[in-house]
Each structure stands twice: as C-alpha cells, then as structure tokens.
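K.L.:
Got a structure for you, written out below as structure tokens; questions coming shortly.
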Amino acid sequence: MAQATAGEQKRGSIPRTAPVEGSDDATMSFSGWEPKKLWLTPPDGGQSTECAFTEGFDSRADGRSLVAADLDGDGDLDLLMRNRAAPKLQLFENEGPSGRAVEVELVPDGGSPFGEGARVFESGRAFPVVLARGYATSVDPVVHVGLGQRAKASLEVRWRSGAVEQVEVPAGQRVRVSEGQGVTASRPFVDKPAEAAPPFPASLGALGLTASADTTVVQLFLKGCAPCAAEVPALRAVEKRVQLVSLGLHEGAALTEAAASLGITWAVSALPAPAADALSTAGSLPLPILLVYRKGALTRVLPGPRALEAVLAEP
Amino acid sequence: MSVLLALALAANPIPALNTLEADNDRVEAAFDALCGALKDGRRDGPFPVQGLPWVTSCSLRALTLGPITRGTQTAHVLWEVEGRGPSGERTSERGEADVTLARTTGVVVTSWADTWRETVRRERPRFVERAEAAGVVLPRLDVVRRTEAESYSGGLAALDVTRDGVPELFALDANVVYRFDRISAAPLRYQRSVLFSLPKATLATGLAGGDLDRDGDVDLLVTGYPAVVPVVLRNDGASFTPTPLPPAARGGFVSAVLSDLDDDGDLDVALLPYDLGAGFPWDMLEAPDGERLRLLRGGPGVTFTPWRLDPRVVPGRWTLAAVSADLLGLNRPQLYVANDFGSNDLYVFTADGGVTNQALALGLDDPGNGMSADVGDFDGDGRLDVAVANMFSKAGTRVVGAAQVSAALKARLEKFARGNTLYLARDGGFTEVAAAQGVNRGLWAFGTVLADVNDDGRLDVAVANGFLSKPNRKDL
C-alpha cells in the first residue's frame, strides 16, 4: 500500500530536494547510494543470480547490520537492516512463495547454553548454531532449514558433547530438540496468505481511461508538487498531438483545486488507488511520473518530460 | 574509485595514475549522461534494453580502459539497468561488454559487444518493506548527536528474550538500546521502548545475546565507544539488570561475540576493537597498528577473567566483525575474525586456554577490507563455509588493471578491489570461489549473511552495503 500523506492526499510523495538529514549538501558521496545485493543460489548449486531489486530487497540507504530471521512466524526468513542514516531501520517482510522449511532450537544436556557451537545436519547439509553473524548483529541460536519441495526433514544433531541424535520433523513447524530426548516441543508456522498484488496500469483501462488518440500521455500529480508544475509547459506543447490526461492523488473538489494550482488545464481525474500502489516503491510514489500509452498499451514511464518529444517521435 | 584504494595506491605510487584518472572522469561523465538519458525515457543509446518501458536505475562503468589511439579507445564495461517491464514486472538487466569509444569530440560509444549478460524478471517481489508500517522506527536525534551516531551506531539483534518463540528486535542508536516487542504478526506490528542507555557522552555500538548466567533465557551484552566498560544486561524474566564487565574490559568496540570457546559450558566474550576516530593505518594493505582482540573467559555466576593472548598469535588489527562456529568439526567453535586493512584470523581454542591462529594455514586469511563474516554450508557438502564482506570497486578494478607495479603488489591490490569472498571448505583447507560463484560484487559491503530466503535448500547471500550517501551523488 502506498504511503498515505497529510491532508487530502491519499498517496504519494514529493521527491526530497532538501539535504538528507545530518548531511552536508556540498560533500560528495563516498561509495554511497549503493543498491543492496541478494544473490539467489539455484537448487542445483550453479552460479548465483543477483535478485535484490527484483525480489524487493530494494534500498539505497547505507546498510550496516543485517538480520535474516523469521519475524512474523510464517516459516520464511525476513530481513531487517540497520542503516547508517535515515531510514535507520528497514524491515523486508518475506511474502514470496516459500517452499517448505523447519526451524530447530536446541536444548543441550549441559554445556554451552542453547547448543551454541553445535551443528545440525539435514540431507548432508550442515547448519551451525551461532549467536552472531554478519556485522554487529546478534541472532537467536535457531537453525532454519529450507526443504525445497520435501515434506519432512531428517535431522541429525551433533551435540557439543559428541552425542549424535536423529529426529524426523514434518515441514512447516518450529521444533525444540532436547539432548537425548528428541523433539520435546513443536509449533506450526503461521499460515499467512500473501496479499494480492495491485494491478499494474499496463493499459489505459487500468486507469479507468479509454484511448481517444493513438498516443495518450498521462501525468500524475499531487498538490504542491513543484516538479509536477514544472512539467506543465512541456505537456501543453504536446496537448494538440496526443490525448493528454492528468491523474491526481486527490478526489472531488480537492482534485480540481490541486490541478488548477499547478496550471493544469486539460482533462483531470483521480488516480485509482490500485494503480498508485502498483507504481509505488516501498510505499512511495516517485513523482513526477508521465505514462505514455500507444493504442492504449503502456510503452514508456518517464520521470518528467525531458525525453517526451523524443519518445513521441519514435515510430 | 575507493578512497581507501586510492590511498593505498598513493602509498605505492603508480606512474601516470593522475593522468589516467583525469581522463576517466570524462568517460564516466559521458557514461552517466547515457544512463541519465535512458532513465529519462530515451532508447536510442547503446544499452540493449529496448523492451523496458520504465528504467528506474542505471549504472555504466569501465572495468578496463585502454589508451586513446587515433581518436578511439576500447573499454570493458560493467552495466546494470533496473526497471519495470510492460506488465509491471520487476526487471534487472546487467552484463559486461567490450565497447569502442570515439574520442575525437567528447566520448561517443561506437560499438558495443556483450561478453556476458543476465536478465532477471519477477512478477512480484518476494520482499515488501514495512518498517514504518510495523512501527520499527527509531526516534529522531538532534543534529550533533545524529552525526556521531551515524558514524558509530550499527548494532542490531533479533533475540527471543521472552522465550515465547517470537524474537524481539533490538536496535542501537546514539547511547540507547531500543527494544521492539511484536504486538501483531499479521499485519506485522511492534511496540518500541527504551531498554537501556549508556552514559550520554558515549555511543552504544553493539548488542550480543546469549545465556550468560545459564538460567535458560537470553541475556545481553552492550558495547560502546569510545571508552566504555561493556555492560551485561541480565535477563531476570520481567526486567534486565545491568552489570558491567570488569574494568579491564574498558574500551571502544564495534561489537562483541558470545561463544563458549573453551568448552567449559560458560559463554566467553570476544570484544572487537576498532578505533573509529583514529583515521587510517600507516599500511592499509596489512595494518599492524590496530588494537588487539580482547577475549574474556566466562565463569560461573557471570564472572569474566581476561584471556591471556600471545601478541604473536593475536596481533593488533582493525577488527569489524567475527563469527563463532565449529568450522573444523572439533565439537567446539572457532572464532573467525574479519579485519579491515589486511588479513583475517581464525582462532582455534583448546580447553586449557591455548589459542592458535590457523587462518593462513587453512587459506582463510582473506587479505582485504574485511567488514563482516558469516558461516553456513553454501555448497551443501556437510562442511561449513565462510562468507566475508569486502569491497568491490569498479574504479579500483580499472585502476589496478592499468597499474605498472610489481606482480605481487598488483595481485594484492586486485584482491582488495575484488569484493566479497566465499570460502568453501575442502579437505585440508578452504578454497575461495566468490567470483566463480558470482557473489563477489557486493560493492562496499558491510553485513553479509548466508540465508535460504526462498527455502529451496540452498543458501543465498544478502548484503547490506554503501558507505556514505550525500545529496551530491558524485562519488569520491
């Protein structure tokens, strides 16, 4: 859901032009604005593929600590990141189609608490019981075992005492294994169905519009959005060559008032909420946005009108 | 270019470096203009991404740059473009290419030949960022405090201190340890409270969790900077009772690691020293002038005694992270320490307190800018592997490639610019495979963790990175 803002504005945000908190505008970045990385390893162990952006681990903040843990109890790993500056915390909730997994906590019969330093094996794979990982990060001594499509885990616990213990655990639960006693507690993961994704405005119809020309240019706007106002002269210049519509993040009288305040004199209507959500990243709609449609199908999304004439001139 | 690499190069002069870099600035400006046009919506540039309606991010940099000969120049480039496809699908396109540049007037790409290319598309992302909606936010600080805290505070923890199966979250900022208790799982919601504060003139840096008093719940250890006696927060069920470590433990530490290293059943403490205010070491390729790791042996009743360490075994380092796990299958953990400005360490312990450093012997020394470490069985062979965060620098790769220096120095510099490392356990040691596996280019990586985020049975690699972002995005 795109982030709600003050007053009558339902969604959207104006790009910040003010300096980032605590920063000196004149100072250059130093390995800054770096995209986070997430390499997924294929089941066959082949070369990993970088998927941070496509999987939504999408941030340009200066990341420091990173925790991977099941925070919502649904059995897959969420990511919590501590950044140098705002936003200092980012919580990436895992809503992907998860496979099967089990989580295991150990209770040793003496020795290091929680089995810290022990190892759990499953199908030949080793899982360490650790209390810290990564940078300045502390985690529970819980082992997370992804199972792919398998329905149960055949676990072997190698305790620090030297004892070896085998247990079988059905997928989809968190269990406690006590040394010499096997599974002494279990709890199923929370069933948490993913929310339906809002439809992307791939066609004009998704915006509630009908094509009345070969080319349609749709401007998104918000009251007080200076970059939106700055687009108006360029849009006026193409008004007679295309179908031109501005969609605001307002409703009713506020919509026409906001359009007038920006100098918009052509057709105006409200931006459907699902479209706003679909165009948003991390709950923020990155205005300015121009959507260009050819015969009702989306062909280009522009961050302003700089290339508009060139795009309209394309065959 | 990485400033650290530049300083390293300055300490080991390379002829004509300044001339090369001045010209590269012109090439980079031209590449930035090409990216800017692509993001603006133009598709008449050299990037092979014609079918992407919405480009939200673009990067183009030279990994090698040849001399200008008769108005032309060759380069090997790394490019990455991100955006949304026709149906809104998230799309990443990246690759490397051999390009030819016309250099008679400006910089014009005249030929482009892909040497490697990768396209990834997802109908919808696996992760959705919800910190603010979930109430996982830290309060605002005043400007002075904020600047200090941005440099020094980074600690984070997810620890089930209430033993109900739900991890509480802990984040440090300025001198305060904040606690977040989950009040709803769907939707995810947390309630924030202040758990503990160090003295106001100090900064809280790290939070380590473990059952220090062996009563079955998780206690906490808070480290600080610049001169702080770390404090144990003893979990009494309803509250935490602060108890400082012995005065000898006073120091400035980025964090601590708890582990029963001597196998006596009590957690020991590894305090990781890094003097963030000390500037740079005099030898950034193998710095001997940092502080030594501090180890405390845990005893009954939450008591700790300093562990006597031979400085020949435990040298001064600029330590940023450590992870404790049984890498060698000894039924007791070893401590792998990631150090900035040089080599890493693998400390192996015996029950009588003996310590040896076996990093070099096992091939885990990883010379570089070690920023963090994690362990896991990456290749699924039943042995624990090691992932280390380092720095990948496109500019550094380019500069080092052109450097006329000794083969030994060049190899070391290339290692420093290559990025994250991944060591797979093999018989008798470890083999580094990050580049071959395709997981080395983590940029300026800090927290790097191994986690099976899609539960397919294989560990994935997640990286928190980026050093200092300013509104002026031009990089040093």
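The chains in the structure tokens are called A, B, ... from first to last as shown; in each chain the residues are counted from 1, and the ligands are counted from 1 in the order shown.
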Find the residues near range 167-176 of chain A: any atom within 7 Å, counting only C-alpha atoms, skip ones fewer than 6 places away on the same chain, and give them as a list of chain:residue names.
P.N.:
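The residues satisfying every condition are A:Gly75, A:Arg100, A:Ala101, A:Val102, A:Glu103, A:Val104, A:Glu105, A:Leu106, A:Ala151, A:Lys152, A:Ala153, A:Ser154, A:Leu155, A:Glu156, A:Gly182, A:Val183, A:Thr184, A:Ala185, A:Ser186, A:Arg187, A:Pro188, A:Phe189.
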K.L.:
Any idea what the distance is between CA of Phe392 in chain B and CA of Val129 in chain A?
P.N.:
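For CA of Phe392 in chain B relative to CA of Val129 in chain A, the distance reads 29.5 Å.
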K.L.:
Using only C-alpha atoms, determine which residues lie at most 8 Å from Gln191 in chain B, disregarding the query and same-chain residues fewer than 5 positions distant; provide the list as an MDAnalysis selection string.
P.N.:
chainID B and resid 135:136 180:183
K.L.:
So that I can see what lies close to range 260-276 of chain A, please list as a compact mmCIF listing (two decimals) with C-alpha atoms, in the first residue's frame the residues with an atom at most 9 Å from it, counting only C-alpha atoms and leaving out residues fewer than 4 positions away in the same chain.
P.N.:
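Generated output (part-v4.txt):
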# COMPACT_ATOMS: atom_id res chain seq x y z
CA MET A 1 0.00 0.00 0.00
CA ALA A 2 1.47 3.33 -0.98
CA LYS A 10 -4.22 9.79 -0.34
CA ARG A 11 -0.93 8.56 -1.58
CA GLY A 12 2.34 9.69 -2.99
CA ALA A 197 -0.72 -7.53 -5.79
CA PRO A 198 -2.36 -4.37 -7.16
CA PRO A 199 -2.72 -4.46 -10.95
CA PHE A 200 -0.05 -2.52 -12.82
CA PRO A 201 -1.51 0.07 -15.23
CA ALA A 206 -6.45 0.04 -15.61
CA LEU A 207 -6.56 3.79 -15.05
CA GLY A 208 -10.24 3.99 -15.92
CA LEU A 220 0.39 12.01 -12.24
CA PHE A 221 0.20 14.94 -9.87
CA LEU A 222 -0.12 15.98 -6.28
CA LYS A 223 -0.91 19.36 -4.79
CA GLY A 224 2.28 21.24 -4.01
CA CYS A 225 4.39 19.05 -6.27
CA ALA A 226 6.81 21.52 -7.85
CA CYS A 228 4.64 18.29 -11.47
CA ALA A 229 4.05 22.01 -12.05
CA ALA A 230 7.31 22.21 -13.96
CA VAL A 232 3.03 21.68 -17.43
CA PRO A 233 4.63 23.80 -20.19
CA ARG A 236 0.91 21.96 -23.04
CA GLU A 239 -1.54 18.79 -25.94
CA LEU A 244 -3.50 14.30 -22.52
CA VAL A 245 -4.84 13.39 -19.08
CA SER A 246 -3.64 14.27 -15.59
CA LEU A 247 -4.46 11.96 -12.71
CA GLY A 248 -4.24 13.41 -9.24
CA LEU A 249 -3.81 11.86 -5.84
CA HIS A 250 -6.92 13.69 -4.71
CA GLU A 251 -10.66 13.35 -5.00
CA GLY A 252 -13.63 15.64 -5.53
CA LEU A 255 -8.73 17.30 -7.30
CA THR A 256 -9.74 20.25 -9.47
CA SER A 280 4.96 2.83 -5.83
CA LEU A 285 5.13 7.09 -5.42
K.L.:
Which residues in range 183-301 of chain A does DSSP call helix (DSSP H, G or I)? List them as a ChimeraX atom specification.
P.N.:
/A:204-207,226-238,252-262,273-279
K.L.:
May I have the residues from that selection written out with C-alpha atoms, as a compact mmCIF listing (two decimals), in the first residue's frame?
P.N.:
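Contents of selection_11.txt, freshly written:
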# COMPACT_ATOMS: atom_id res chain seq x y z
CA LEU A 204 -5.26 2.72 -20.11
CA GLY A 205 -8.23 0.72 -18.92
CA ALA A 206 -6.45 0.04 -15.61
CA LEU A 207 -6.56 3.79 -15.05
CA ALA A 226 6.81 21.52 -7.85
CA PRO A 227 8.22 19.01 -10.37
CA CYS A 228 4.64 18.29 -11.47
CA ALA A 229 4.05 22.01 -12.05
CA ALA A 230 7.31 22.21 -13.96
CA GLU A 231 6.02 19.59 -16.40
CA VAL A 232 3.03 21.68 -17.43
CA PRO A 233 4.63 23.80 -20.19
CA ALA A 234 6.08 20.73 -21.89
CA LEU A 235 2.75 18.95 -21.67
CA ARG A 236 0.91 21.96 -23.04
CA ALA A 237 3.27 21.85 -26.01
CA VAL A 238 2.08 18.35 -26.95
CA GLY A 252 -13.63 15.64 -5.53
CA ALA A 253 -13.17 19.37 -5.26
CA ALA A 254 -9.62 18.93 -3.99
CA LEU A 255 -8.73 17.30 -7.30
CA THR A 256 -9.74 20.25 -9.47
CA GLU A 257 -8.29 22.69 -6.98
CA ALA A 258 -4.93 20.92 -7.00
CA ALA A 259 -4.91 20.74 -10.80
CA ALA A 260 -5.67 24.43 -11.06
CA SER A 261 -2.94 25.30 -8.59
CA LEU A 262 -0.42 23.52 -10.83
CA ALA A 273 -5.64 3.65 -5.68
CA PRO A 274 -4.51 0.25 -7.02
CA ALA A 275 -2.57 1.99 -9.80
CA ALA A 276 -0.89 4.28 -7.26
CA ASP A 277 0.10 1.26 -5.23
CA ALA A 278 1.38 -0.62 -8.25
CA LEU A 279 3.55 2.29 -9.34
K.L.:
Please, which residues of range 313-472 of chain B, numbered as in this document, come out strand (DSSP E or B) from DSSP, as an MDAnalysis selection string?
P.N.:
chainID B and resid 316:325 334:340 342 345:349 355:357 368 372:376 385:389 391:392 421:426 429:432 444:451 460:465 468 472
K.L.:
For each of B:Gly299, B:Gly209, B:Gly224, B:Gly429, take the minimum atom-to-atom distance to Pro244 in chain B, counting only C-alpha atoms, then give the residue where this is smallest.
P.N.:
B:Gly224
K.L.:
Just the residues within 6 Å of Val120 in chain A, please, counting only C-alpha atoms, with nothing from its chain fewer than 6 positions along; format it as number ranges by chain.
P.N.:
A: 126-127, 156-157
K.L.:
Using the selection just defined, write its residues with C-alpha atoms as a short mmCIF file (atom, residue, chain, number, x, y, z; two decimals), in the first residue's frame.
P.N.:
data_model
loop_
_atom_site.label_atom_id
_atom_site.label_comp_id
_atom_site.auth_asym_id
_atom_site.auth_seq_id
_atom_site.Cartn_x
_atom_site.Cartn_y
_atom_site.Cartn_z
CA ALA A 126 25.36 -28.65 7.80
CA PHE A 127 23.70 -25.88 9.82
CA GLU A 156 20.89 -35.21 12.72
CA VAL A 157 22.04 -33.16 15.70
#
K.L.:
Would you mind listing what lies within 8 Å of range 26-34 of chain B as a VMD selection string, with only C-alpha atoms counted and same-chain residues fewer than 4 positions away left out?
P.N.:
chain B and resid 22 38 45 59 to 62 106 to 108
K.L.:
Those selected residues, please, written with N, CA and C atoms and delivered as a JSON list (two decimals), in the first residue's frame.
P.N.:
[["chain", "number", "residue", "atom", "x", "y", "z"],
["B", 22, "ALA", "N", 42.14, 11.44, -14.60],
["B", 22, "ALA", "CA", 41.52, 12.65, -15.14],
["B", 22, "ALA", "C", 40.75, 12.32, -16.41],
["B", 38, "LEU", "N", 18.74, 7.29, -20.62],
["B", 38, "LEU", "CA", 17.96, 6.04, -20.56],
["B", 38, "LEU", "C", 16.85, 6.17, -19.52],
["B", 45, "GLY", "N", 20.20, 5.01, -27.06],
["B", 45, "GLY", "CA", 21.59, 4.86, -26.62],
["B", 45, "GLY", "C", 22.10, 3.45, -26.86],
["B", 59, "SER", "N", 23.48, 2.02, -14.26],
["B", 59, "SER", "CA", 24.89, 2.20, -13.93],
["B", 59, "SER", "C", 25.74, 1.70, -15.09],
["B", 60, "LEU", "N", 26.74, 2.45, -15.45],
["B", 60, "LEU", "CA", 27.67, 2.06, -16.52],
["B", 60, "LEU", "C", 29.07, 2.51, -16.11],
["B", 61, "ARG", "N", 29.97, 1.57, -15.97],
["B", 61, "ARG", "CA", 31.32, 1.90, -15.55],
["B", 61, "ARG", "C", 32.32, 1.02, -16.29],
["B", 62, "ALA", "N", 33.51, 1.58, -16.52],
["B", 62, "ALA", "CA", 34.58, 0.82, -17.17],
["B", 62, "ALA", "C", 35.35, 0.01, -16.14],
["B", 106, "GLY", "N", 34.45, 14.72, -27.48],
["B", 106, "GLY", "CA", 33.69, 14.10, -26.41],
["B", 106, "GLY", "C", 33.94, 12.61, -26.34],
["B", 107, "VAL", "N", 32.94, 11.91, -25.82],
["B", 107, "VAL", "CA", 33.04, 10.46, -25.66],
["B", 107, "VAL", "C", 31.77, 9.85, -26.26],
["B", 108, "VAL", "N", 31.92, 9.10, -27.34],
["B", 108, "VAL", "CA", 30.77, 8.52, -28.02],
["B", 108, "VAL", "C", 30.99, 7.01, -28.14]]
K.L.:
Each residue of range 200-295 of chain A with at least one atom at most 12 Å from range 49-63 of chain A should appear once, together with its nearest atom pair and the corresponding distance in Å (one decimal); atoms considered: only C-alpha atoms; ordering: chain, then increasing residue number; output as CSV.
P.N.:
residue,atom,partner,partner_atom,distance
A:Ser280,CA,A:Gly56,CA,11.9
A:Thr281,CA,A:Asp58,CA,8.6
A:Ala282,CA,A:Asp58,CA,8.2
A:Gly283,CA,A:Gly56,CA,11.9
K.L.:
Figure out the distance between CA of Arg122 in chain B and CA of Glu195 in chain A, please, to one decimal in Å.
P.N.:
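Value for the CA of Glu195 in chain A-CA of Arg122 in chain B distance: 16.1 Å.
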K.L.:
List the spatial neighbours of Ala464 in chain B as a list in words - criterion: any atom at most 8 Å away, only C-alpha atoms, same-chain residues fewer than 3 positions off excluded.
P.N.:
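The residues that qualify are Lys36, Lys37, Asp62, Gly63, Arg64, Ser65, Leu66 and Met81 of chain A; Ala445, Phe446, Gly447 and Thr448 of chain B.
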K.L.:
Could you please take those selected residues and save C-alpha atoms as a PDB file, in the first residue's frame?
P.N.:
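Below is the file that was written, out.pdb:
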ATOM      1  CA  LYS A  36      21.685  -3.788  -1.901  1.00  0.00           C
ATOM      2  CA  LYS A  37      22.618  -7.238  -3.114  1.00  0.00           C
ATOM      3  CA  ASP A  62      23.906   2.985   3.625  1.00  0.00           C
ATOM      4  CA  GLY A  63      23.421  -0.504   5.052  1.00  0.00           C
ATOM      5  CA  ARG A  64      25.294  -1.732   8.080  1.00  0.00           C
ATOM      6  CA  SER A  65      23.827  -4.626  10.073  1.00  0.00           C
ATOM      7  CA  LEU A  66      21.558  -7.225   8.542  1.00  0.00           C
ATOM      8  CA  MET A  81      18.534  -3.895   8.074  1.00  0.00           C
TER       9      MET A  81
ATOM     10  CA  ALA B 445      29.697  -4.421   1.762  1.00  0.00           C
ATOM     11  CA  PHE B 446      29.003  -4.415   5.479  1.00  0.00           C
ATOM     12  CA  GLY B 447      26.587  -7.000   6.836  1.00  0.00           C
ATOM     13  CA  THR B 448      26.724 -10.055   4.593  1.00  0.00           C
TER      14      THR B 448
END
K.L.:
From the list B:Val194, B:Leu65, B:Ser87, B:Thr243, which residue is nearest Val176 in chain B when using only C-alpha atoms?
P.N.:
B:Val194
K.L.:
Using only C-alpha atoms, which residue out of B:Asp365, B:Asp283, B:Asp215, B:Glu96 lies closest to Pro48 in chain B?
P.N.:
B:Glu96
K.L.:
Which residue gives the smallest distance to Leu261 in chain B among B:Val399, B:Met284, B:Val222, B:Val348, with only C-alpha atoms counted?
P.N.:
B:Val348
K.L.:
Find the residue from B:Ala359, B:Val400, B:Cys58, B:Val143 that sits nearest to Leu413 in chain B; use only C-alpha atoms when measuring.
P.N.:
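Among the listed residues, the smallest separation from Leu413 in chain B belongs to B:Val400.
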